[in-house]
Structures are given as C-alpha cells and as structure tokens.
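For reference, the structure is listed below as structure tokens.
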Amino acid sequence: MPIKVVYIDDEELLCQIFKEYLHSTDINITTFTDELSAITYCNETNPDIIFIDYRLTQLNGVDVAKAIVNDAIKVLITGELDVAMDHCFSDKIQKPYRLAAIKSLIIDAASYRKAL
Amino acid sequence: MMPIDTPKHIYEKLFSQSLDMMCVANTAGYFQLVNPSFSEKLGYSEVELLSTAMIDFIHPNDIDKTLQVFALLSNGQHSLCFENSYRHKNNGYLTLAWTGHVDADSGLIYLIARDITQQVKVSNKLQHLQQALEQETIYAETDVNGVITKVNDKFCQISGYSAAELLGHTHQLVNSGYHSSLFFRELWQTISSGKIWSGAIKNRKKNGDYYFVQSILIPIFDNNEISSYVAIRQDITDKVNSDYNCLKALKILNETSAAAKIGGWELEISTGVLSWTDETLRILEVDELYGATPLLTQGLELFIDKDIPIIENAVHRAITYGEPYALELQASTPKGNIKWIYTNGKANYIDGKIVTLSGTIQDIHERKITEINYNKEKQKNIVNAKFAALGELSASIAHEINNPLGVISGYAELLQLTSTSASAADICNKSDIILKSCDRISHIVKSLKKYSRTDEERQYRVCSLQDLIQEAVVLTKPKLKQRMIRLQCHLIEDVQILCNEIEIEQVMVNLINNAIDAVLLLPDKWVDISMIETPTDYNVVVTDAGLGIPLDKQHVIFEPFFTSKKASEGTGLGLSIVKGILDSHDATISIDNNSINTRFTISFPKSV
C-alpha cells in the first residue's frame, strides 16, 4: 500500500513540484489549491499525512486541519515568520522547504504509523 | 561863603540853566518866553516855539483836556497842574507834567513842564502787568501773616469760595492736606526771607474736589520791609490729570508689553541712535545701557554672529528702499544666553524722507524651541511610522517571498534529481519557472528598497502617481490577501506629480492600512482606490466598505495621537503624518461625507 499524502497550498507551482518530486509507487500524492475541496477529500479518503499551508484563499491552515476529522498526521507548512503551532499539527515546516527533507519526513511518519 | 550874585542874575541862571522846561504864555495861547530846555527837549528853535500856537504842539487826544484846564484859568482859578503830550520836532511825543499859575495883573501864565515820558511808560507797563495778572491769573494778596486781603474772580471760580468767604482767612481754607507741613514751612521760609517761591500746589475746592495750581508767591516790600504777599497762580489741573493719565497709560502699556513680552525700538537714521523700551531691555537682558543712548552697532552686538549680517541687510534695505522686515533671530545676551526673538521694522517718513525705523521685538524663545522640538519629533515620528509599517509589512511580505523561494528551491531539487534523465525542454521549463519566481521576489524587494533609504534630504522628483499607488498596493497586497480583503484600483495613466515618492507612497500605505483595519470585521471586505481628474486637481479617492466616520470625530482624526484602535494596534500617528506630508506637498486630504462608505479624497493641485 503506498502512503497516501495530501498537499494543500494555494500556490499552484508548489503543488506541481510536490507531486513531481514525491510521487512514486511508494507515495501517492494528491494536491489541492482549494482548501474546501481538500477538506471534503481528506474526510472521505482518510490519508496518512496531510501537509497544509497556513495561508490559503478562504481559510487558514489551522481551520482546515480542524475541519479534517480523522487521525491523519497533519503537518503545517508556512511562509510566515511567526505562526503559532496548533496542537492538531504534529509538525511544522517553514517555507522554503527542502523536498528531500519532506520525503524523509513522509517515510518516517509512514513507518511510525505502521508500527502503531 | 558862596559869592552873592544879584537876584536878577540868580533868576536868569535858574531860568536859562534849569533842566525843567519853563515858559510864560499868554492868554492867546502862544509862548511869550521859553527857556533853552524847551528847545532841547522838543527839538524846536525858540523862534519856532514862539511863533506857533501852543495847541499845535499838543497831541490831538490831549487838546480837549488842555483847553479845559486853560478854561478853568479864565474862570478865576489861579494855579494848574496837569499832564499832556507834546509833539517832538521829529514826530515823537513827550509826556509833560505841567504846573503853573496865572499872574492876575498881567494875565500871563507862568508854567513849568517836566518830561515824564519814561515814568509814564514804566507805570503804564506796570499797570498793564498788574491788570493782566489780576485778570488772567488766579490772583490773591495777603498781609504779612498770610491773611487774604484780595482775591480775583478766578480765585473764587477755581476754589468755589466767594470773595467774602476767602477774605480774612489764610490759604488754610483751600489746603488739600496733600502736602506735608515741611512743604509749607519751607515755602514760608522762602517768601518771608524776601525771596520768590514757585511750585505746584494741590488745593481743595469748597466742594471737596482737588485742583492743582502752579504758583508764584512774591513778597512785596514797603520801606525795606515786607508789607504783603502777592500770589499768582495758574490752573494746571488738566495738565496734571493728563500727565497722570499719560503715566497711567504708559504704565499699562509697559505692563502689557511685559506680559506679552513685546518690546519696542526706534532707530534715528541720521545719528544711528537706538531707543529701546523697558521690555526690549528685558528681552535682550540688558541691565545697563552703554551710556544713555545705544547705537545701532551696539544693538547688533546682541545677536549671534550668523544673524548680524541678516539684520544689517534688512536694516539697510529698510533705510534705503523703505522695505519692512520681520525676522526670527537668535540674540546673544550680555548674560550669556542664546534666545530666540522675533523682530520687525518699518521705515517712518517725514516729508517723504525716511527719518527713523521703528518696530517691535518679541521673546519667542519658548515657542521657537517647542517648534524646533516638534519638527524633530515629527521627523522622528515619520521615521518611526515608517519602521512600524515596515515591521507590519515584513511579516506578510515574508510569505510572499518564501513562496517563490519554495518554488525555486523545489525546482532546483527536481533538476538535481533528474539531472541525468531530464530532457532539454524539461530543464528549460523548470529553469524558466525558477527565473520567474526570482522576478517575483525581486519585485517585492524593489518596493521595499525605498524604506532602506537613509537620505536625510527630502527630495522632490516628478513621479507617476499611478506607479506610486501601485507600489503601495504591492506593499499592502499580502496583508489584504491575508485578511481576505478585495482591492480594486481604477487608475489613470501618465499623471505626473512633483513629490517625494517615499512620502506619497507612505500616505497611500497608511490609508490602505487604515482601510484594512476598518473593514476587517465586516462581512463584505473591500477597498477601492481610484484616480479622478478635475479641472484643477488630480484626486486619489480611497473608499472602503466602512460606513463613514462619525461627524464628531472628523475634526480630530487628523490630529496626532488620535486613534480609534487599541493601544497595541496603532500609534495614532497615521493620519496626522498623512496630513503633514500632504500639507508639505500643497495637497489636501478630506473626508467625503457624500459617500455612504468611508471615503478619503486626496487632491494634488495640477499647478504644483
């Protein structure tokens, strides 16, 4: 079973990069620039890890995370200088991030989840 | 022993040598015999005298009187004594005092005349003087004890007492009680020792009012002893009162000038002599004048070196061309203080010629220092506000930079990952995206560049108003986006204004930031910026979704430190700085109350 990863960012290019870099047989990437569709999708499909950008079009990342009611690992992505971590996130990644680092984070998280 | 002459000789000598004029006249009115003194005194020869009727020598005014006297003689009177005027040969008249008698036997008249012209003149003069004094002055006479023996009407009028009330009393009756007993003692000592006393005396009228008289008290001698005193006085009540009023006015003026810290000065051009009022001395902290009259050069020394040529030039132009001036200068006082003063001057003409300069001098030190501090503070506030705005912006700008940075970094990683497999087109495509992202970042950085300028000089350049607004929009866009506020711009191209671009951009950023704060809690959040051209102005209109500014707040919102926000949210300097900046650009900002929504209109006059 590939790891199901969702990336939500209103920056279209970042979504593309994410997909291009990380999509593989082991990792199944779905990206959204529209947070509302993302919430629906996540609540329906129950992904393993969800990366949520803080600044979105209509809602912020915290609101989105709270709207997704499952036990997926939620990681906050932010380009802001200072955003408080909400407890619903297990991690926070500062933009600009390294895709290599994201990849290892996904792998670590997946093995952690499997170990559970 | 005297040699005895014959009686006849004695009479002849007496007749021929007498200084008195002797003559014998007949009843027909002719001289029969005149002594030499007649010719000497009247200038006629003996023949002329004897051949002319006596009446022809007499002054026309005295003819009747003389004829009457002679008529008495024919009526049996034996002697006569009278005065009349005789014509001198050279047309003048002599006053003669005659005595004479009639010889009953011969009917001849024996007469002696004495020239009393001088005595008459003197006594006439005295008489006129006496008359004038008694009529024109307040006149009184007293006996040696000071008891009033004579007063004139004027005395009665001024004192309010009748003559009957005054006579028999001393001047104690009009004593006002104002003068000391020493004053009167000295007065009495002076006149009783035979000297004239003069001075001003305050007296009291019968009705209790006071009057002032300039008095001359004269002791009158009779046989070397003082027999009486004459007092002549002049009413000086009006003068004293007007002097008093003048003094009072002067005192008030001095007090007023002291309170207002305004002094006066006058420069006499021909001499260079300066006159200063007391307050001028106080302002310049001059305790003592150099001699009685300071000169212009000495006045100039009271200012700092830098200002001296400024005053010299202004004074020179005032003297030469009559140009008025007004200067703010720093005085360097004798006490070693440096003090801001305001002084103005204008030329005063007499017969079309500039004769003096005069003006005022004012202590403006406190105001000036406040003004200087205010300007410093204002400058500081502008800088502070700039940093505050920058701090606020940097947070949201970070996001705008980090996103394209993430894109750059991501594609770089992708390129590394696919370094061996990627197609040329793919590499081109990815590096193109990287470059575009770089452009995005540099565009944002460029709009921040102005904030990093530290030039103290305020520079004015011709700038595109549209560009300035757009750059302000770039700076505020992240914040607008973050708060999900719609922004619409309706701008006009090619509008150039002369301005300090940072400041005008600051104005726009401030207004947009205010609009953002105002609409934050509204359900429908929008800000609209438009440019409108009128015949005289270019207007920039910033409208937001808010519902206007309460009328009672409108007059204070442009004041420093007014804010409707919480202490942590705003300094209250925004709109005051906006207004300050626009003032210095001759532009205006106003609230448009005709709009339902909150609308500020900035007008840049086209002429600037």
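FYI, nothing fancy with the structure tokens labels: chains A, B, ... in order, residues from 1 per chain, ligands from 1 as they appear.
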
Neighbour list for stretch 465-478 of chain B as a ChimeraX atom specification, cut-off 10 Å, only C-alpha atoms, skip fewer than 4 positions in-chain: /B:389-390,392-400,443-448,482-487,489-499,501-513,516,529-531,538,540,604

Please build the interface table for chain A against chain B with a cut-off of 8 Å, listing for each qualifying residue the nearest atom pair and the distance in Å to one decimal; count only C-alpha atoms, order rows by chain and increasing number, and write it as a Markdown table.
```
| residue | atom | partner | partner_atom | distance |
| --- | --- | --- | --- | --- |
| A:Glu11 | CA | B:Asn403 | CA | 7.4 |
| A:Leu13 | CA | B:Val407 | CA | 6.5 |
| A:Leu14 | CA | B:Val407 | CA | 5.7 |
| A:Ile17 | CA | B:Gly410 | CA | 6.1 |
| A:Phe18 | CA | B:Gly410 | CA | 7.8 |
| A:Glu20 | CA | B:Leu414 | CA | 7.7 |
| A:Tyr21 | CA | B:Leu414 | CA | 6.1 |
| A:Arg55 | CA | B:Gln482 | CA | 6.8 |
| A:Thr57 | CA | B:Met484 | CA | 7.4 |
| A:Gln58 | CA | B:Met484 | CA | 7.0 |
| A:Thr78 | CA | B:His399 | CA | 7.6 |
| A:Gly79 | CA | B:His399 | CA | 4.3 |
| A:Glu80 | CA | B:His399 | CA | 4.9 |
| A:Leu81 | CA | B:Ala395 | CA | 5.8 |
| A:Asp82 | CA | B:Ala395 | CA | 7.7 |
| A:Lys95 | CA | B:Asn402 | CA | 5.5 |
| A:Pro96 | CA | B:Gly406 | CA | 4.0 |
| A:Tyr97 | CA | B:Gly406 | CA | 6.1 |
| A:Arg98 | CA | B:Gly410 | CA | 6.8 |
| A:Leu99 | CA | B:Gly410 | CA | 6.4 |
| A:Ala100 | CA | B:Glu413 | CA | 7.9 |
```

In Å, how far is it from atom CA of B:Thr137 to atom CA of B:Arg233? 5.7 Å

I'd like to know which residues of stretch 399-545 of chain B are strand (DSSP E) (by DSSP, run on the backbone); could you write them as a list of chain:residue names? B:Arg461, B:Val462, B:Cys463, B:Ser464, B:Arg486, B:Leu487, B:Gln488, B:Cys489, B:His490, B:Gln496, B:Ile497, B:Leu498, B:Cys499, B:Trp526, B:Val527, B:Asp528, B:Ile529, B:Ser530, B:Met531, B:Ile532, B:Glu533, B:Asp537, B:Tyr538, B:Asn539, B:Val540, B:Val541, B:Val542, B:Thr543, B:Asp544

Backbone DSSP call of helix (DSSP H, G or I) for stretch 218-303 of chain B, listed as a PDB file with N, CA and C atoms, in the first residue's frame:
```pdb
ATOM      1  N   THR B 237      -4.662 121.784  36.637  1.00  0.00           N
ATOM      2  CA  THR B 237      -5.367 120.540  36.968  1.00  0.00           C
ATOM      3  C   THR B 237      -5.441 119.593  35.764  1.00  0.00           C
ATOM      4  N   ASP B 238      -5.832 120.184  34.603  1.00  0.00           N
ATOM      5  CA  ASP B 238      -5.959 119.340  33.407  1.00  0.00           C
ATOM      6  C   ASP B 238      -4.626 118.707  33.042  1.00  0.00           C
ATOM      7  N   LYS B 239      -3.574 119.528  33.140  1.00  0.00           N
ATOM      8  CA  LYS B 239      -2.246 119.030  32.764  1.00  0.00           C
ATOM      9  C   LYS B 239      -1.818 117.900  33.707  1.00  0.00           C
ATOM     10  N   VAL B 240      -2.059 118.172  35.024  1.00  0.00           N
ATOM     11  CA  VAL B 240      -1.690 117.134  35.997  1.00  0.00           C
ATOM     12  C   VAL B 240      -2.467 115.851  35.713  1.00  0.00           C
ATOM     13  N   ASN B 241      -3.778 116.038  35.462  1.00  0.00           N
ATOM     14  CA  ASN B 241      -4.598 114.847  35.188  1.00  0.00           C
ATOM     15  C   ASN B 241      -4.156 114.136  33.914  1.00  0.00           C
ATOM     16  N   SER B 242      -3.851 114.936  32.878  1.00  0.00           N
ATOM     17  CA  SER B 242      -3.457 114.278  31.626  1.00  0.00           C
ATOM     18  C   SER B 242      -2.076 113.648  31.793  1.00  0.00           C
ATOM     19  N   ASP B 243      -1.204 114.326  32.567  1.00  0.00           N
ATOM     20  CA  ASP B 243       0.097 113.709  32.862  1.00  0.00           C
ATOM     21  C   ASP B 243      -0.114 112.390  33.600  1.00  0.00           C
ATOM     22  N   TYR B 244      -1.050 112.452  34.553  1.00  0.00           N
ATOM     23  CA  TYR B 244      -1.338 111.264  35.343  1.00  0.00           C
ATOM     24  C   TYR B 244      -1.882 110.159  34.447  1.00  0.00           C
ATOM     25  N   ASN B 245      -2.792 110.575  33.542  1.00  0.00           N
ATOM     26  CA  ASN B 245      -3.357 109.586  32.617  1.00  0.00           C
ATOM     27  C   ASN B 245      -2.292 109.031  31.688  1.00  0.00           C
ATOM     28  N   CYS B 246      -1.405 109.948  31.244  1.00  0.00           N
ATOM     29  CA  CYS B 246      -0.308 109.517  30.371  1.00  0.00           C
ATOM     30  C   CYS B 246       0.552 108.491  31.094  1.00  0.00           C
ATOM     31  N   LEU B 247       0.884 108.831  32.315  1.00  0.00           N
ATOM     32  CA  LEU B 247       1.718 107.933  33.117  1.00  0.00           C
ATOM     33  C   LEU B 247       1.033 106.598  33.306  1.00  0.00           C
ATOM     34  N   LYS B 248      -0.283 106.716  33.588  1.00  0.00           N
ATOM     35  CA  LYS B 248      -1.062 105.515  33.811  1.00  0.00           C
ATOM     36  C   LYS B 248      -1.078 104.685  32.522  1.00  0.00           C
ATOM     37  N   ALA B 249      -1.317 105.364  31.391  1.00  0.00           N
ATOM     38  CA  ALA B 249      -1.349 104.674  30.097  1.00  0.00           C
ATOM     39  C   ALA B 249       0.008 104.027  29.816  1.00  0.00           C
ATOM     40  N   LEU B 250       1.052 104.785  30.126  1.00  0.00           N
ATOM     41  CA  LEU B 250       2.409 104.291  29.897  1.00  0.00           C
ATOM     42  C   LEU B 250       2.679 103.064  30.756  1.00  0.00           C
ATOM     43  N   LYS B 251       2.176 103.151  32.000  1.00  0.00           N
ATOM     44  CA  LYS B 251       2.373 102.042  32.926  1.00  0.00           C
ATOM     45  C   LYS B 251       1.632 100.804  32.425  1.00  0.00           C
ATOM     46  N   ILE B 252       0.394 101.037  31.991  1.00  0.00           N
ATOM     47  CA  ILE B 252      -0.400  99.921  31.461  1.00  0.00           C
ATOM     48  C   ILE B 252       0.295  99.339  30.240  1.00  0.00           C
ATOM     49  N   LEU B 253       0.770 100.253  29.373  1.00  0.00           N
ATOM     50  CA  LEU B 253       1.449  99.823  28.152  1.00  0.00           C
ATOM     51  C   LEU B 253       2.669  98.977  28.502  1.00  0.00           C
ATOM     52  N   ASN B 254       3.419  99.472  29.494  1.00  0.00           N
ATOM     53  CA  ASN B 254       4.615  98.739  29.912  1.00  0.00           C
ATOM     54  C   ASN B 254       4.267  97.370  30.458  1.00  0.00           C
ATOM     55  N   GLU B 255       3.202  97.356  31.278  1.00  0.00           N
ATOM     56  CA  GLU B 255       2.797  96.080  31.864  1.00  0.00           C
ATOM     57  C   GLU B 255       2.312  95.122  30.781  1.00  0.00           C
ATOM     58  N   THR B 256       1.540  95.698  29.824  1.00  0.00           N
ATOM     59  CA  THR B 256       1.025  94.862  28.734  1.00  0.00           C
ATOM     60  C   THR B 256       2.173  94.308  27.917  1.00  0.00           C
ATOM     61  N   SER B 257       3.127  95.201  27.585  1.00  0.00           N
ATOM     62  CA  SER B 257       4.248  94.722  26.761  1.00  0.00           C
ATOM     63  C   SER B 257       5.052  93.683  27.518  1.00  0.00           C
ATOM     64  N   ALA B 258       5.137  93.870  28.837  1.00  0.00           N
ATOM     65  CA  ALA B 258       5.895  92.894  29.627  1.00  0.00           C
ATOM     66  C   ALA B 258       5.183  91.547  29.611  1.00  0.00           C
ATOM     67  N   ALA B 259       3.839  91.626  29.759  1.00  0.00           N
ATOM     68  CA  ALA B 259       3.071  90.380  29.768  1.00  0.00           C
ATOM     69  C   ALA B 259       3.161  89.690  28.413  1.00  0.00           C
ATOM     70  N   ALA B 260       3.095  90.507  27.351  1.00  0.00           N
ATOM     71  CA  ALA B 260       3.136  89.935  26.002  1.00  0.00           C
ATOM     72  C   ALA B 260       4.576  89.688  25.570  1.00  0.00           C
ATOM     73  N   ASP B 278      11.521  99.572  27.940  1.00  0.00           N
ATOM     74  CA  ASP B 278      11.974  98.749  29.077  1.00  0.00           C
ATOM     75  C   ASP B 278      11.918  97.268  28.740  1.00  0.00           C
ATOM     76  N   GLU B 279      10.824  96.878  28.049  1.00  0.00           N
ATOM     77  CA  GLU B 279      10.649  95.463  27.758  1.00  0.00           C
ATOM     78  C   GLU B 279      11.709  94.971  26.782  1.00  0.00           C
ATOM     79  N   THR B 280      12.119  95.839  25.863  1.00  0.00           N
ATOM     80  CA  THR B 280      13.200  95.477  24.935  1.00  0.00           C
ATOM     81  C   THR B 280      14.469  95.167  25.728  1.00  0.00           C
ATOM     82  N   LEU B 281      14.753  96.030  26.711  1.00  0.00           N
ATOM     83  CA  LEU B 281      15.927  95.799  27.551  1.00  0.00           C
ATOM     84  C   LEU B 281      15.809  94.465  28.273  1.00  0.00           C
ATOM     85  N   ARG B 282      14.594  94.195  28.758  1.00  0.00           N
ATOM     86  CA  ARG B 282      14.385  92.944  29.485  1.00  0.00           C
ATOM     87  C   ARG B 282      14.570  91.741  28.568  1.00  0.00           C
ATOM     88  N   ILE B 283      13.990  91.835  27.373  1.00  0.00           N
ATOM     89  CA  ILE B 283      14.070  90.711  26.440  1.00  0.00           C
ATOM     90  C   ILE B 283      15.516  90.430  26.075  1.00  0.00           C
ATOM     91  N   LEU B 296      23.300 101.715  16.863  1.00  0.00           N
ATOM     92  CA  LEU B 296      22.915 100.532  16.088  1.00  0.00           C
ATOM     93  C   LEU B 296      23.966  99.427  16.196  1.00  0.00           C
ATOM     94  N   THR B 297      25.230  99.844  16.097  1.00  0.00           N
ATOM     95  CA  THR B 297      26.308  98.845  16.152  1.00  0.00           C
ATOM     96  C   THR B 297      26.289  98.078  17.466  1.00  0.00           C
ATOM     97  N   GLN B 298      25.975  98.795  18.555  1.00  0.00           N
ATOM     98  CA  GLN B 298      25.925  98.119  19.854  1.00  0.00           C
ATOM     99  C   GLN B 298      24.720  97.205  19.948  1.00  0.00           C
ATOM    100  N   GLY B 299      23.636  97.628  19.296  1.00  0.00           N
ATOM    101  CA  GLY B 299      22.441  96.778  19.245  1.00  0.00           C
ATOM    102  C   GLY B 299      22.741  95.485  18.486  1.00  0.00           C
ATOM    103  N   LEU B 300      23.495  95.599  17.415  1.00  0.00           N
ATOM    104  CA  LEU B 300      23.820  94.426  16.589  1.00  0.00           C
ATOM    105  C   LEU B 300      24.648  93.409  17.359  1.00  0.00           C
TER     106      LEU B 300
END
```

Within 12 Å of A:Thr25, counting only C-alpha atoms, which residues qualify if same-chain residues fewer than 2 places away don't, as JSON, numbers by chain? {"A": [1, 2, 3, 4, 22, 23, 27, 28, 29]}

Could you write out that same residue set with N, CA and C atoms as a PDB file, in the first residue's frame?
```
ATOM      1  N   MET A   1       0.853  -1.205   0.000  1.00  0.00           N
ATOM      2  CA  MET A   1       0.000   0.000   0.000  1.00  0.00           C
ATOM      3  C   MET A   1       0.886   1.252   0.000  1.00  0.00           C
ATOM      4  N   PRO A   2       0.723   2.042  -1.037  1.00  0.00           N
ATOM      5  CA  PRO A   2       1.502   3.301  -0.994  1.00  0.00           C
ATOM      6  C   PRO A   2       0.964   4.246   0.097  1.00  0.00           C
ATOM      7  N   ILE A   3       1.864   5.093   0.563  1.00  0.00           N
ATOM      8  CA  ILE A   3       1.453   6.065   1.593  1.00  0.00           C
ATOM      9  C   ILE A   3       0.621   7.146   0.914  1.00  0.00           C
ATOM     10  N   LYS A   4      -0.518   7.441   1.520  1.00  0.00           N
ATOM     11  CA  LYS A   4      -1.383   8.461   0.930  1.00  0.00           C
ATOM     12  C   LYS A   4      -1.049   9.839   1.532  1.00  0.00           C
ATOM     13  N   LEU A  22       7.757  13.884  -5.344  1.00  0.00           N
ATOM     14  CA  LEU A  22       7.480  12.836  -4.361  1.00  0.00           C
ATOM     15  C   LEU A  22       6.643  11.659  -4.889  1.00  0.00           C
ATOM     16  N   HIS A  23       5.925  11.938  -6.037  1.00  0.00           N
ATOM     17  CA  HIS A  23       5.032  10.869  -6.480  1.00  0.00           C
ATOM     18  C   HIS A  23       5.819   9.639  -6.949  1.00  0.00           C
ATOM     19  N   ILE A  27       4.676   6.425  -2.715  1.00  0.00           N
ATOM     20  CA  ILE A  27       3.944   7.593  -2.187  1.00  0.00           C
ATOM     21  C   ILE A  27       2.910   8.052  -3.197  1.00  0.00           C
ATOM     22  N   ASN A  28       1.699   8.133  -2.711  1.00  0.00           N
ATOM     23  CA  ASN A  28       0.593   8.570  -3.550  1.00  0.00           C
ATOM     24  C   ASN A  28       0.249  10.025  -3.158  1.00  0.00           C
ATOM     25  N   ILE A  29       0.536  10.975  -4.078  1.00  0.00           N
ATOM     26  CA  ILE A  29       0.356  12.392  -3.745  1.00  0.00           C
ATOM     27  C   ILE A  29      -0.913  12.930  -4.390  1.00  0.00           C
TER      28      ILE A  29
END
```

What's the separation between atom CA of B:Glu285 and atom CA of B:Gln330, in Å to one decimal place? 12.9 Å

Work out how far atom CA of B:His128 is from atom CA of B:Thr66, in Å to one decimal.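 Taking atom CA of B:Thr66 and atom CA of B:His128, their separation equals 25.3 Å.
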